[in-house]
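Let me begin by presenting the structure, written as structure tokens, before commenting on it.
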Amino acid sequence: MALQSLDITRLSATTTPPPSQRQTPKVAKLIDISKCIGCKACQVACMEWNDTRDAIGVNHGVLDNPMDLTENSWTVMRYAEVKTDRGLEWLIRKDGCMHCAEPGCLKACPAPGAIVQYSNGIVDFQEENCIGCGYCITGCPFNIPRLSKKDAKVYKCTLCSDRVAVGLEPACVKTCPTGAILFGTKDDMIRHAEGRVADLKSRGFVNAGIYNPEGVGGTHVMYVLQYVHQPEIYSGLAKDPTISPLVFLWKGIAKPLASLALAAVGAGAFFHYVTKGPNEVSKEVEKEFEDEK
Amino acid sequence: MKNDPKKLLRFTPSERANHWLTAITFVLVALSGLSFFYPTFFFLSQLFGGGVWTRILHPFIGVVMAISFGVMFFEYRQMNVITSSDKEWLSHIREMVDSDDRNMPEAGKFNGGQKLLFWLEAACTALLILSGIVIWRAYFSFPFPVLVIRFASVVHAIAATVMIAVIMFHIYAAIWTRESIDAMLYGRVRRAWAKQHHAAWFRQVTGGGK
């Protein structure tokens, strides 16, 4: 849910241009995993700002809590103990919507206006237009949207579109005590990340890099990773994510073509009728059965 | 008279009722499904009380259709075995479309085209119900990996397109071939109609007489 309305780049299930007169600079959130201490303040801030509450769960013997994203927990910290060439490392990743430049959720959504992409890059769900089909979950390359059992609507991180619209940074950014989460224009965030990567490299992290996957057109949530060549060691972060070719087949050019084909069948039938006429009982057969009349 | 006993009984009352249950549910499931198929058709969801109601109702209507079609399937399965004469009929289909039935082999209760349609509908219904269960988010999607759900979404869309095209063909054939709809509405057909369009069936039910 958000306040912007004149600066929409994409609108789900809409074949005409959305209101896009106003253009805003592209924004991004940068999560520097090398600075994260896993305090979960971002999780708390997210819940506090968005005023959602998860039911009290069960401790699974690990720090992850809750264990997965839910309709109320739009961001979760994922803790991975990984053996690298530097020894045992604790890699903590703040998981949540990546705000893809090419959003698979929006491509899959059949409800007009239920998913929007603003010109600043934020991909947002408009729950009042959501019909609860879950197609966005099918389309998402990062397994982010969660269908609520309470109201059958999907929820995910909004990148605090309501705060961003009035010039504030997202709640998680505001609260992060170590500066591991930053927010600004995408260009600035990339520039800052490049500095961070150079610093990490100088300290021996030769594979440090920026996670901004090109397969989805880049993302408006980026990570600085110590091991960018192995994103999967960060609790299964997708390596080379793309919108699945099956989703393209399902939601691409085939649909309008199939619609036209069905229209052609109908038109073909009509013109067959008006050119060939009906298929009736022949005169000879009718004669044989004159008594039947 | 619609129920003139001199006419030949083609479909019993229960066959007719079940056929129309399948037909009505098909129309409902197709219109509701099209609203998710492509944005141009989303307005159809208004017929069902809006997008959310359409999403709720579509799969339940689909289940009713699959069950009533299933009953028809087992009823007509044996009658629809494609014989060499049906293959011959299908090889002359262009002439039939041209309204020239002089070279068409005699059809039984169902002609080759109707039988082909029957098997296409059966295959599509089976694919639709199986893929439909996988993408029924409210109850059944959770155990399936996302790749399977994506694949099922594609299968559902393709099978639905084929099914709609096949049914449009079926409806048109029934309109084009005059008096066919009477058979499904009232059960009986004129003997002249039977001899014209289903000569082998005509001989079988009349014992070769008039």
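Residue numbers start at 1 in each chain; chains themselves are named A, B, ... in the order of the structure tokens; ligands are numbered from 1 in the order shown.
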Residue hits in chain A, query chain B, radius 7 Å, only C-alpha atoms, as an MDAnalysis selection string: chainID A and resid 13:14 110 131:134 138 246:247 249:250 255 258 262 265:266 269 273 276 278:281 285:286 289
Output the selection as a compact mmCIF listing (two decimals), in the first residue's frame - C-alpha atoms for each residue.
# COMPACT_ATOMS: atom_id res chain seq x y z
CA ALA A 13 -2.76 -7.37 -15.66
CA THR A 14 -3.00 -4.05 -17.47
CA PRO A 110 -3.94 -11.77 -13.19
CA ILE A 131 -7.82 -11.82 -5.54
CA GLY A 132 -5.76 -14.36 -3.58
CA CYS A 133 -4.85 -16.71 -6.43
CA GLY A 134 -1.19 -16.97 -5.42
CA THR A 138 4.42 -19.00 -8.71
CA LEU A 246 7.76 -21.53 -17.81
CA VAL A 247 6.38 -18.25 -16.43
CA LEU A 249 5.41 -19.31 -21.59
CA TRP A 250 2.47 -19.04 -19.19
CA LYS A 255 -1.84 -15.71 -24.11
CA ALA A 258 -4.31 -18.07 -27.89
CA LEU A 262 -10.16 -18.73 -30.02
CA VAL A 265 -12.46 -20.35 -34.26
CA GLY A 266 -15.65 -18.42 -33.47
CA ALA A 269 -17.63 -21.01 -37.55
CA TYR A 273 -22.36 -20.96 -41.65
CA LYS A 276 -21.94 -22.93 -46.70
CA PRO A 278 -26.73 -25.45 -42.62
CA ASN A 279 -26.25 -29.19 -42.90
CA GLU A 280 -29.81 -30.43 -43.41
CA VAL A 281 -31.52 -33.71 -44.23
CA VAL A 285 -34.17 -38.87 -47.50
CA GLU A 286 -37.02 -36.55 -46.54
CA PHE A 289 -39.96 -40.56 -44.58
Contacts of range 186-196 of chain A at 8 Å or less, counting only C-alpha atoms, minus same-chain residues fewer than 5 places along, as a VMD selection string? chain A and resid 26 to 30 32 209 to 210 220 224
Let me see the file: selected residues, N, CA and C atoms, as a CSV table (one decimal), in the first residue's frame.
chain,number,residue,atom,x,y,z
A,26,LYS,N,15.6,6.3,-9.3
A,26,LYS,CA,15.6,4.9,-8.8
A,26,LYS,C,16.3,4.8,-7.5
A,27,VAL,N,15.6,4.1,-6.6
A,27,VAL,CA,16.2,4.0,-5.2
A,27,VAL,C,16.6,2.5,-5.0
A,28,ALA,N,17.4,2.3,-4.0
A,28,ALA,CA,17.8,1.0,-3.6
A,28,ALA,C,18.1,0.9,-2.1
A,29,LYS,N,17.9,-0.3,-1.6
A,29,LYS,CA,18.4,-0.6,-0.3
A,29,LYS,C,19.6,-1.5,-0.4
A,30,LEU,N,20.7,-1.1,0.3
A,30,LEU,CA,21.9,-1.9,0.2
A,30,LEU,C,22.1,-2.6,1.6
A,32,ASP,N,24.7,-4.7,3.6
A,32,ASP,CA,26.1,-5.1,3.7
A,32,ASP,C,26.3,-6.2,4.7
A,209,GLY,N,31.8,-9.0,-3.5
A,209,GLY,CA,31.1,-8.4,-4.7
A,209,GLY,C,29.7,-7.9,-4.4
A,210,ILE,N,29.1,-7.3,-5.4
A,210,ILE,CA,27.7,-6.8,-5.2
A,210,ILE,C,26.7,-7.8,-5.8
A,220,HIS,N,16.3,-3.8,-6.6
A,220,HIS,CA,16.4,-2.5,-5.8
A,220,HIS,C,16.6,-2.8,-4.3
A,224,VAL,N,25.9,-6.6,-0.3
A,224,VAL,CA,27.4,-6.8,-0.4
A,224,VAL,C,27.7,-8.1,0.2
Neighbouring residues of Thr178 in chain A were defined as those with any atom within 7 Å, considering only C-alpha atoms; residues of the same chain fewer than 2 positions away were excluded. Please report them as a short mmCIF file (atom, residue, chain, number, x, y, z; two decimals) with N, CA and C atoms, in the first residue's frame.
data_model
loop_
_atom_site.label_atom_id
_atom_site.label_comp_id
_atom_site.auth_asym_id
_atom_site.auth_seq_id
_atom_site.Cartn_x
_atom_site.Cartn_y
_atom_site.Cartn_z
N LYS A 35 28.79 -6.29 7.50
CA LYS A 35 28.62 -5.42 8.67
C LYS A 35 27.49 -5.87 9.59
N CYS A 36 26.75 -6.90 9.17
CA CYS A 36 25.57 -7.30 9.94
C CYS A 36 25.98 -8.11 11.16
N CYS A 176 18.88 0.16 11.82
CA CYS A 176 20.08 -0.70 11.81
C CYS A 176 21.22 -0.04 12.59
N ALA A 180 24.64 -1.49 8.51
CA ALA A 180 24.70 -2.57 7.51
C ALA A 180 23.61 -2.41 6.46
#
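The set of residues in range 227-265 of chain A assigned to alpha helix (DSSP H) by DSSP, using only backbone atoms of this structure, is Pro245, Leu246, Val247, Phe248, Leu249, Trp250, Lys251, Ala254, Lys255, Pro256, Leu257, Ala258, Ser259, Leu260, Ala261, Leu262, Ala263, Ala264 and Val265 of chain A.
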Would you write out those residues with C-alpha atoms, as a PDB file, in the first residue's frame?
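So the final result, stored in again.pdb, reads:
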ATOM      1  CA  PRO A 245      10.936 -19.680 -18.852  1.00  0.00           C
ATOM      2  CA  LEU A 246       7.759 -21.529 -17.808  1.00  0.00           C
ATOM      3  CA  VAL A 247       6.378 -18.252 -16.434  1.00  0.00           C
ATOM      4  CA  PHE A 248       7.208 -16.542 -19.740  1.00  0.00           C
ATOM      5  CA  LEU A 249       5.406 -19.311 -21.593  1.00  0.00           C
ATOM      6  CA  TRP A 250       2.471 -19.037 -19.194  1.00  0.00           C
ATOM      7  CA  LYS A 251       2.210 -15.246 -19.122  1.00  0.00           C
ATOM      8  CA  ALA A 254       1.189 -17.077 -25.993  1.00  0.00           C
ATOM      9  CA  LYS A 255      -1.837 -15.710 -24.109  1.00  0.00           C
ATOM     10  CA  PRO A 256      -2.899 -12.964 -26.550  1.00  0.00           C
ATOM     11  CA  LEU A 257      -2.148 -15.340 -29.433  1.00  0.00           C
ATOM     12  CA  ALA A 258      -4.310 -18.070 -27.888  1.00  0.00           C
ATOM     13  CA  SER A 259      -7.079 -15.500 -27.315  1.00  0.00           C
ATOM     14  CA  LEU A 260      -6.903 -14.524 -30.989  1.00  0.00           C
ATOM     15  CA  ALA A 261      -6.949 -18.183 -32.009  1.00  0.00           C
ATOM     16  CA  LEU A 262     -10.163 -18.728 -30.020  1.00  0.00           C
ATOM     17  CA  ALA A 263     -11.705 -15.651 -31.617  1.00  0.00           C
ATOM     18  CA  ALA A 264     -10.677 -17.062 -35.012  1.00  0.00           C
ATOM     19  CA  VAL A 265     -12.457 -20.350 -34.255  1.00  0.00           C
TER      20      VAL A 265
END
Residues at most 12 Å from His92 in chain B, counting only C-alpha atoms, excluding those fewer than 3 positions away in the same chain, as a short mmCIF file (atom, residue, chain, number, x, y, z; two decimals) with C-alpha atoms, in the first residue's frame?
data_model
loop_
_atom_site.label_atom_id
_atom_site.label_comp_id
_atom_site.auth_asym_id
_atom_site.auth_seq_id
_atom_site.Cartn_x
_atom_site.Cartn_y
_atom_site.Cartn_z
CA SER B 85 -14.62 -46.59 -40.74
CA ASP B 86 -14.20 -43.57 -38.43
CA LYS B 87 -10.69 -43.07 -39.72
CA GLU B 88 -12.10 -43.14 -43.23
CA TRP B 89 -14.73 -40.57 -42.11
CA GLU B 95 -15.64 -32.71 -47.97
CA MET B 96 -17.91 -32.74 -44.90
CA VAL B 97 -16.86 -29.18 -44.04
CA ASP B 98 -17.70 -28.32 -47.66
CA SER B 99 -21.25 -29.61 -47.01
CA ASP B 100 -20.70 -32.54 -49.36
CA ASP B 101 -21.47 -35.79 -47.53
CA ARG B 102 -21.80 -38.09 -50.57
CA ASN B 103 -18.44 -39.79 -49.93
CA MET B 104 -18.73 -39.93 -46.16
CA PRO B 105 -18.79 -43.48 -44.79
CA GLU B 106 -21.92 -44.32 -42.79
CA ASN B 111 -19.30 -40.12 -36.30
CA GLY B 112 -15.51 -39.96 -36.47
CA GLY B 113 -15.46 -36.25 -35.75
#
Selection near Gly236 in chain A, 10 Å with only C-alpha atoms, sequence-local residues under 3 positions removed, as a list in words: Arg78, Ala80, Arg93, Phe142, Gln230, Pro231, Glu232, Ile233 and Lys239 of chain A
Selection to disk with N, CA and C atoms, as a CSV table (one decimal), in the first residue's frame:
chain,number,residue,atom,x,y,z
A,78,ARG,N,18.4,-14.7,8.3
A,78,ARG,CA,18.8,-16.2,8.1
A,78,ARG,C,20.2,-16.3,8.5
A,80,ALA,N,23.5,-18.7,8.8
A,80,ALA,CA,24.2,-19.8,8.2
A,80,ALA,C,25.6,-20.0,8.7
A,93,ARG,N,22.0,-13.3,6.7
A,93,ARG,CA,21.4,-12.6,5.6
A,93,ARG,C,20.0,-12.1,6.0
A,142,PHE,N,12.4,-15.6,-6.1
A,142,PHE,CA,13.0,-15.6,-4.8
A,142,PHE,C,12.2,-16.2,-3.6
A,230,GLN,N,29.4,-17.4,-4.7
A,230,GLN,CA,28.6,-18.5,-4.1
A,230,GLN,C,27.4,-18.0,-3.3
A,231,PRO,N,26.5,-17.3,-3.9
A,231,PRO,CA,25.4,-16.7,-3.1
A,231,PRO,C,24.6,-17.7,-2.4
A,232,GLU,N,24.6,-19.0,-2.9
A,232,GLU,CA,23.8,-20.0,-2.2
A,232,GLU,C,24.2,-20.4,-0.8
A,233,ILE,N,25.5,-20.0,-0.5
A,233,ILE,CA,25.9,-20.3,0.9
A,233,ILE,C,25.3,-19.4,1.9
A,239,LYS,N,21.3,-18.2,-7.1
A,239,LYS,CA,22.4,-17.9,-8.0
A,239,LYS,C,21.8,-17.6,-9.4
